[in-house]
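For reference, model32.cif is printed below; it contains mmCIF, C-alpha atoms.
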data_run
#
loop_
_atom_site.group_PDB
_atom_site.id
_atom_site.type_symbol
_atom_site.label_atom_id
_atom_site.label_comp_id
_atom_site.auth_asym_id
_atom_site.auth_seq_id
_atom_site.Cartn_x
_atom_site.Cartn_y
_atom_site.Cartn_z
ATOM 1 C CA MET A 3 -48.532 -21.758 22.499
ATOM 2 C CA THR A 4 -45.804 -24.360 22.320
ATOM 3 C CA GLU A 5 -44.302 -26.249 25.234
ATOM 4 C CA LYS A 6 -41.136 -24.156 24.920
ATOM 5 C CA GLU A 7 -43.178 -20.924 25.101
ATOM 6 C CA TYR A 8 -45.069 -22.274 28.114
ATOM 7 C CA ASN A 9 -41.777 -22.975 29.902
ATOM 8 C CA LYS A 10 -40.640 -19.467 29.023
ATOM 9 C CA CYS A 11 -43.857 -18.114 30.598
ATOM 10 C CA VAL A 12 -43.044 -19.994 33.794
ATOM 11 C CA ASP A 13 -39.560 -18.471 33.847
ATOM 12 C CA LEU A 14 -40.768 -14.949 33.042
ATOM 13 C CA TYR A 15 -43.960 -14.610 35.061
ATOM 14 C CA ALA A 16 -43.970 -17.068 37.983
ATOM 15 C CA ASP A 17 -42.143 -14.771 40.412
ATOM 16 C CA ASN A 18 -44.241 -11.702 39.545
ATOM 17 C CA LEU A 19 -47.497 -13.637 39.851
ATOM 18 C CA PHE A 20 -46.407 -15.177 43.140
ATOM 19 C CA ARG A 21 -45.395 -11.780 44.550
ATOM 20 C CA PHE A 22 -48.768 -10.310 43.553
ATOM 21 C CA ILE A 23 -50.746 -13.184 45.080
ATOM 22 C CA VAL A 24 -48.729 -13.453 48.299
ATOM 23 C CA LYS A 25 -49.098 -9.697 48.921
ATOM 24 C CA ASN A 26 -52.871 -10.139 48.719
ATOM 25 C CA LEU A 27 -53.208 -13.401 50.625
ATOM 26 C CA ASP A 28 -50.367 -12.849 53.101
ATOM 27 C CA HIS A 29 -49.921 -16.633 53.278
ATOM 28 C CA THR A 30 -47.086 -18.237 51.337
ATOM 29 C CA GLU A 31 -48.476 -21.753 50.949
ATOM 30 C CA ASP A 32 -51.881 -20.530 49.781
ATOM 31 C CA ALA A 33 -50.181 -18.195 47.310
ATOM 32 C CA ARG A 34 -48.126 -21.086 45.921
ATOM 33 C CA ASP A 35 -51.303 -23.117 45.434
ATOM 34 C CA VAL A 36 -53.021 -20.248 43.604
ATOM 35 C CA VAL A 37 -50.002 -19.675 41.335
ATOM 36 C CA GLN A 38 -49.658 -23.379 40.594
ATOM 37 C CA ASN A 39 -53.350 -23.555 39.753
ATOM 38 C CA ALA A 40 -52.997 -20.580 37.399
ATOM 39 C CA PHE A 41 -50.146 -22.263 35.529
ATOM 40 C CA GLU A 42 -52.095 -25.518 35.421
ATOM 41 C CA ILE A 43 -55.039 -23.732 33.814
ATOM 42 C CA LEU A 44 -52.683 -22.044 31.346
ATOM 43 C CA TRP A 45 -51.278 -25.455 30.455
ATOM 44 C CA LYS A 46 -54.789 -26.839 29.869
ATOM 45 C CA HIS A 47 -55.585 -23.902 27.575
ATOM 46 C CA CYS A 48 -52.148 -23.414 26.017
ATOM 47 C CA MET A 49 -53.474 -24.110 22.515
ATOM 48 C CA ASP A 50 -56.055 -21.324 22.902
ATOM 49 C CA VAL A 51 -53.778 -18.698 24.493
ATOM 50 C CA PRO A 52 -51.161 -17.010 22.298
ATOM 51 C CA PHE A 53 -47.761 -16.450 23.901
ATOM 52 C CA GLU A 54 -48.184 -12.652 23.668
ATOM 53 C CA LYS A 55 -51.327 -12.809 25.850
ATOM 54 C CA ALA A 56 -49.967 -15.317 28.366
ATOM 55 C CA LYS A 57 -48.985 -12.711 30.977
ATOM 56 C CA SER A 58 -52.382 -11.060 31.208
ATOM 57 C CA TYR A 59 -54.074 -14.485 31.019
ATOM 58 C CA LEU A 60 -51.986 -15.766 33.946
ATOM 59 C CA PHE A 61 -52.642 -12.699 36.081
ATOM 60 C CA THR A 62 -56.353 -12.816 35.262
ATOM 61 C CA VAL A 63 -56.626 -16.476 36.201
ATOM 62 C CA GLY A 64 -54.444 -15.955 39.278
ATOM 63 C CA TYR A 65 -56.515 -12.982 40.397
ATOM 64 C CA HIS A 66 -59.802 -14.866 40.048
ATOM 65 C CA ASN A 67 -58.387 -17.929 41.834
ATOM 66 C CA MET A 68 -57.173 -15.657 44.625
ATOM 67 C CA ILE A 69 -60.643 -14.095 44.975
ATOM 68 C CA ASP A 70 -62.217 -17.562 45.106
ATOM 69 C CA HIS A 71 -59.700 -18.598 47.748
ATOM 70 C CA VAL A 72 -60.394 -15.493 49.850
ATOM 71 C CA ARG A 73 -64.148 -16.105 49.647
ATOM 72 C CA LYS A 74 -63.655 -19.705 50.736
ATOM 73 C CA ILE A 75 -61.510 -18.613 53.684
ATOM 74 C CA LYS A 76 -64.098 -16.011 54.733
ATOM 75 C CA ARG A 77 -66.681 -18.772 55.041
ATOM 76 C CA ILE A 78 -64.449 -20.504 57.560
ATOM 77 C CA THR A 79 -64.177 -17.591 59.970
ATOM 78 C CA LEU A 80 -63.246 -18.484 63.540
ATOM 79 C CA VAL A 81 -63.932 -16.593 66.738
ATOM 80 C CA ASP A 82 -60.204 -16.600 67.512
ATOM 81 C CA GLU A 83 -59.632 -14.218 64.616
ATOM 82 C CA PHE A 84 -61.677 -11.569 66.397
ATOM 83 C CA LYS A 85 -59.708 -12.028 69.593
ATOM 84 C CA GLU A 86 -56.441 -11.717 67.663
ATOM 85 C CA GLU A 87 -57.683 -8.534 65.983
ATOM 86 C CA VAL A 88 -58.286 -6.967 69.389
ATOM 87 C CA ARG A 89 -54.779 -7.932 70.523
ATOM 88 C CA ILE A 90 -53.258 -6.414 67.373
ATOM 89 C CA SER A 91 -55.132 -3.151 67.810
ATOM 90 C CA GLU A 92 -53.810 -2.839 71.373
ATOM 91 C CA GLN A 93 -50.201 -3.134 70.216
ATOM 92 C CA ARG A 94 -48.354 -0.042 69.062
ATOM 93 C CA THR A 95 -45.680 -0.277 66.435
ATOM 94 C CA HIS A 96 -43.433 2.140 64.636
ATOM 95 C CA ASP A 97 -42.631 -0.173 61.759
ATOM 96 C CA ALA A 98 -43.713 1.542 58.525
ATOM 97 C CA LYS A 99 -43.972 -1.750 56.646
ATOM 98 C CA LYS A 100 -46.394 -3.162 59.223
ATOM 99 C CA VAL A 101 -48.428 0.040 59.204
ATOM 100 C CA LEU A 102 -48.704 -0.093 55.433
ATOM 101 C CA GLU A 103 -49.620 -3.799 55.512
ATOM 102 C CA ARG A 104 -52.371 -3.068 58.050
ATOM 103 C CA ALA A 105 -53.628 -0.252 55.850
ATOM 104 C CA LEU A 106 -53.707 -2.557 52.815
ATOM 105 C CA GLU A 107 -55.574 -5.216 54.814
ATOM 106 C CA ARG A 108 -58.373 -2.730 55.468
ATOM 107 C CA LEU A 109 -59.024 -2.275 51.748
ATOM 108 C CA THR A 110 -61.449 -4.427 49.814
ATOM 109 C CA GLU A 111 -60.023 -7.275 47.756
ATOM 110 C CA VAL A 112 -60.444 -5.292 44.539
ATOM 111 C CA GLN A 113 -58.866 -2.143 45.962
ATOM 112 C CA ARG A 114 -55.910 -4.068 47.379
ATOM 113 C CA ALA A 115 -55.363 -5.852 44.065
ATOM 114 C CA LEU A 116 -55.454 -2.539 42.182
ATOM 115 C CA ILE A 117 -52.922 -0.896 44.514
ATOM 116 C CA LEU A 118 -50.590 -3.884 44.306
ATOM 117 C CA LEU A 119 -50.824 -4.220 40.532
ATOM 118 C CA LYS A 120 -50.299 -0.507 39.865
ATOM 119 C CA ASP A 121 -48.019 0.700 42.646
ATOM 120 C CA TYR A 122 -46.086 -2.458 43.555
ATOM 121 C CA GLU A 123 -45.904 -4.248 40.196
ATOM 122 C CA GLY A 124 -46.060 -1.211 37.878
ATOM 123 C CA TYR A 125 -48.714 -2.422 35.429
ATOM 124 C CA SER A 126 -50.473 0.056 33.149
ATOM 125 C CA TYR A 127 -54.162 0.869 33.500
ATOM 126 C CA GLU A 128 -54.873 -1.154 30.357
ATOM 127 C CA GLU A 129 -53.012 -4.228 31.655
ATOM 128 C CA ILE A 130 -54.784 -4.003 35.004
ATOM 129 C CA GLY A 131 -58.092 -3.691 33.169
ATOM 130 C CA GLU A 132 -57.364 -6.876 31.241
ATOM 131 C CA ILE A 133 -56.378 -8.737 34.391
ATOM 132 C CA MET A 134 -59.356 -7.619 36.454
ATOM 133 C CA LYS A 135 -61.913 -7.401 33.638
ATOM 134 C CA LEU A 136 -62.402 -3.636 34.031
ATOM 135 C CA ASN A 137 -62.078 -0.847 31.517
ATOM 136 C CA PRO A 138 -59.201 1.628 32.030
ATOM 137 C CA SER A 139 -61.476 4.398 33.319
ATOM 138 C CA GLN A 140 -62.935 2.043 35.942
ATOM 139 C CA VAL A 141 -59.401 1.104 36.958
ATOM 140 C CA LYS A 142 -58.525 4.793 37.408
ATOM 141 C CA VAL A 143 -61.653 5.521 39.475
ATOM 142 C CA TYR A 144 -61.320 2.432 41.680
ATOM 143 C CA LEU A 145 -57.611 3.066 42.135
ATOM 144 C CA HIS A 146 -58.297 6.683 43.134
ATOM 145 C CA ARG A 147 -60.840 5.516 45.726
ATOM 146 C CA ALA A 148 -58.417 2.910 47.062
ATOM 147 C CA ARG A 149 -55.691 5.521 47.457
ATOM 148 C CA LEU A 150 -58.120 7.827 49.262
ATOM 149 C CA ALA A 151 -59.026 5.019 51.657
ATOM 150 C CA LEU A 152 -55.318 4.408 52.306
ATOM 151 C CA LYS A 153 -54.739 8.111 52.857
ATOM 152 C CA GLN A 154 -57.632 8.379 55.309
ATOM 153 C CA TYR A 155 -56.237 5.484 57.310
ATOM 154 C CA LEU A 156 -52.621 6.642 57.228
ATOM 155 C CA VAL A 157 -53.243 10.265 58.238
ATOM 156 C CA LYS A 158 -54.780 9.235 61.548
ATOM 157 C CA MET A 159 -52.053 9.412 64.159
ATOM 158 C CA GLU A 160 -53.384 6.482 66.220
ATOM 159 C CA ASN A 161 -53.027 4.183 63.183
ATOM 160 C CA VAL A 162 -49.415 5.103 62.569
ATOM 161 C CA ILE A 163 -48.024 5.302 66.092
#
What does the file become when written as structure tokens?
Amino acid sequence: MTEKEYNKCVDLYADNLFRFIVKNLDHTEDARDVVQNAFEILWKHCMDVPFEKAKSYLFTVGYHNMIDHVRKIKRITLVDEFKEEVRISEQRTHDAKKVLERALERLTEVQRALILLKDYEGYSYEEIGEIMKLNPSQVKVYLHRARLALKQYLVKMENVI
């Protein structure tokens, strides 16, 4: 990949990658760091990655960096988070966006990534498989299970009201 093609990748894919990562991490600064790291890794390997594969390469690297970041954050769990969770559960909201965000937060990292890649970003099963290192049938099964988990959460009246 040439320097010009790399710059084109930044123009074409930076916003999509950032949107995908920020939806998963729900923290803008962390998402920026993950996206920047993904582009840095692409730059280091630009001679090995053809321009046609740059999109899936970026999303794969971004996804794995995001998972590493989430695992690191989980190790630094504070007691205050549990107190905040109790306060959130006591509040009632009618905002559909917040309800959906809470539902997505309850999914595993893999399930959330699948939902966001397929339903928010519109990637095909094959593209998602490349990004997440799964075959298309695994993507379909995991995505089906993720949607069932969302449905089970969203049909309960106390979760929506």
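The space separating CA of Met134 in chain A from CA of His66 in chain A comes to 8.1 Å.
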Report the residues retrieved by the PyMOL selection byres ((chain A and resi 149-158) around 12) from the displayed file, expressed as a PyMOL selection string. chain A and resi 98+100-110+113-118+120-121+141-148+159-163
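Checking A:Ile133, A:Leu119, A:Val112, A:Ile75 one by one against Ser58 in chain A, counting only C-alpha atoms, you find the shortest gap at A:Ile133.
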If the PyMOL selection byres ((chain A and resi 19) around 12) is run on the structure shown, which residues does it catch, given as a PDB file with C-alpha atoms, in the frame of the given file?
ATOM      1  CA  CYS A  11     -43.857 -18.114  30.598  1.00  0.00           C
ATOM      2  CA  VAL A  12     -43.044 -19.994  33.794  1.00  0.00           C
ATOM      3  CA  ASP A  13     -39.560 -18.471  33.847  1.00  0.00           C
ATOM      4  CA  LEU A  14     -40.768 -14.949  33.042  1.00  0.00           C
ATOM      5  CA  TYR A  15     -43.960 -14.610  35.061  1.00  0.00           C
ATOM      6  CA  ALA A  16     -43.970 -17.068  37.983  1.00  0.00           C
ATOM      7  CA  ASP A  17     -42.143 -14.771  40.412  1.00  0.00           C
ATOM      8  CA  ASN A  18     -44.241 -11.702  39.545  1.00  0.00           C
ATOM      9  CA  PHE A  20     -46.407 -15.177  43.140  1.00  0.00           C
ATOM     10  CA  ARG A  21     -45.395 -11.780  44.550  1.00  0.00           C
ATOM     11  CA  PHE A  22     -48.768 -10.310  43.553  1.00  0.00           C
ATOM     12  CA  ILE A  23     -50.746 -13.184  45.080  1.00  0.00           C
ATOM     13  CA  VAL A  24     -48.729 -13.453  48.299  1.00  0.00           C
ATOM     14  CA  LYS A  25     -49.098  -9.697  48.921  1.00  0.00           C
ATOM     15  CA  ASN A  26     -52.871 -10.139  48.719  1.00  0.00           C
ATOM     16  CA  ALA A  33     -50.181 -18.195  47.310  1.00  0.00           C
ATOM     17  CA  ARG A  34     -48.126 -21.086  45.921  1.00  0.00           C
ATOM     18  CA  ASP A  35     -51.303 -23.117  45.434  1.00  0.00           C
ATOM     19  CA  VAL A  36     -53.021 -20.248  43.604  1.00  0.00           C
ATOM     20  CA  VAL A  37     -50.002 -19.675  41.335  1.00  0.00           C
ATOM     21  CA  GLN A  38     -49.658 -23.379  40.594  1.00  0.00           C
ATOM     22  CA  ASN A  39     -53.350 -23.555  39.753  1.00  0.00           C
ATOM     23  CA  ALA A  40     -52.997 -20.580  37.399  1.00  0.00           C
ATOM     24  CA  PHE A  41     -50.146 -22.263  35.529  1.00  0.00           C
ATOM     25  CA  ALA A  56     -49.967 -15.317  28.366  1.00  0.00           C
ATOM     26  CA  LYS A  57     -48.985 -12.711  30.977  1.00  0.00           C
ATOM     27  CA  SER A  58     -52.382 -11.060  31.208  1.00  0.00           C
ATOM     28  CA  TYR A  59     -54.074 -14.485  31.019  1.00  0.00           C
ATOM     29  CA  LEU A  60     -51.986 -15.766  33.946  1.00  0.00           C
ATOM     30  CA  PHE A  61     -52.642 -12.699  36.081  1.00  0.00           C
ATOM     31  CA  THR A  62     -56.353 -12.816  35.262  1.00  0.00           C
ATOM     32  CA  VAL A  63     -56.626 -16.476  36.201  1.00  0.00           C
ATOM     33  CA  GLY A  64     -54.444 -15.955  39.278  1.00  0.00           C
ATOM     34  CA  TYR A  65     -56.515 -12.982  40.397  1.00  0.00           C
ATOM     35  CA  ASN A  67     -58.387 -17.929  41.834  1.00  0.00           C
ATOM     36  CA  MET A  68     -57.173 -15.657  44.625  1.00  0.00           C
ATOM     37  CA  ALA A 115     -55.363  -5.852  44.065  1.00  0.00           C
ATOM     38  CA  LEU A 118     -50.590  -3.884  44.306  1.00  0.00           C
ATOM     39  CA  LEU A 119     -50.824  -4.220  40.532  1.00  0.00           C
ATOM     40  CA  TYR A 122     -46.086  -2.458  43.555  1.00  0.00           C
ATOM     41  CA  GLU A 123     -45.904  -4.248  40.196  1.00  0.00           C
ATOM     42  CA  ILE A 133     -56.378  -8.737  34.391  1.00  0.00           C
TER      43      ILE A 133
END
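The spacing separating CA of His47 in chain A from CA of Lys135 in chain A amounts to 18.7 Å.
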Take CA of Lys6 in chain A and CA of Ile43 in chain A and report the distance between them in Å, one decimal. 16.5 Å
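Each of A:Gly124, A:Pro138, A:Gly131, A:Pro52 was checked against Glu5 in chain A using only C-alpha atoms; the smallest atom-to-atom distance is that of A:Pro52.
For the choices A:Glu111, A:Glu7, A:Glu31, A:Glu129, the atom-to-atom distance to Ile69 in chain A is smallest for A:Glu111 when using all atoms listed in the file.
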With distances taken over all atoms listed in the file, which residue among A:Leu27, A:Val72, A:Met49, A:Ile130 lies nearest Met3 in chain A? A:Met49
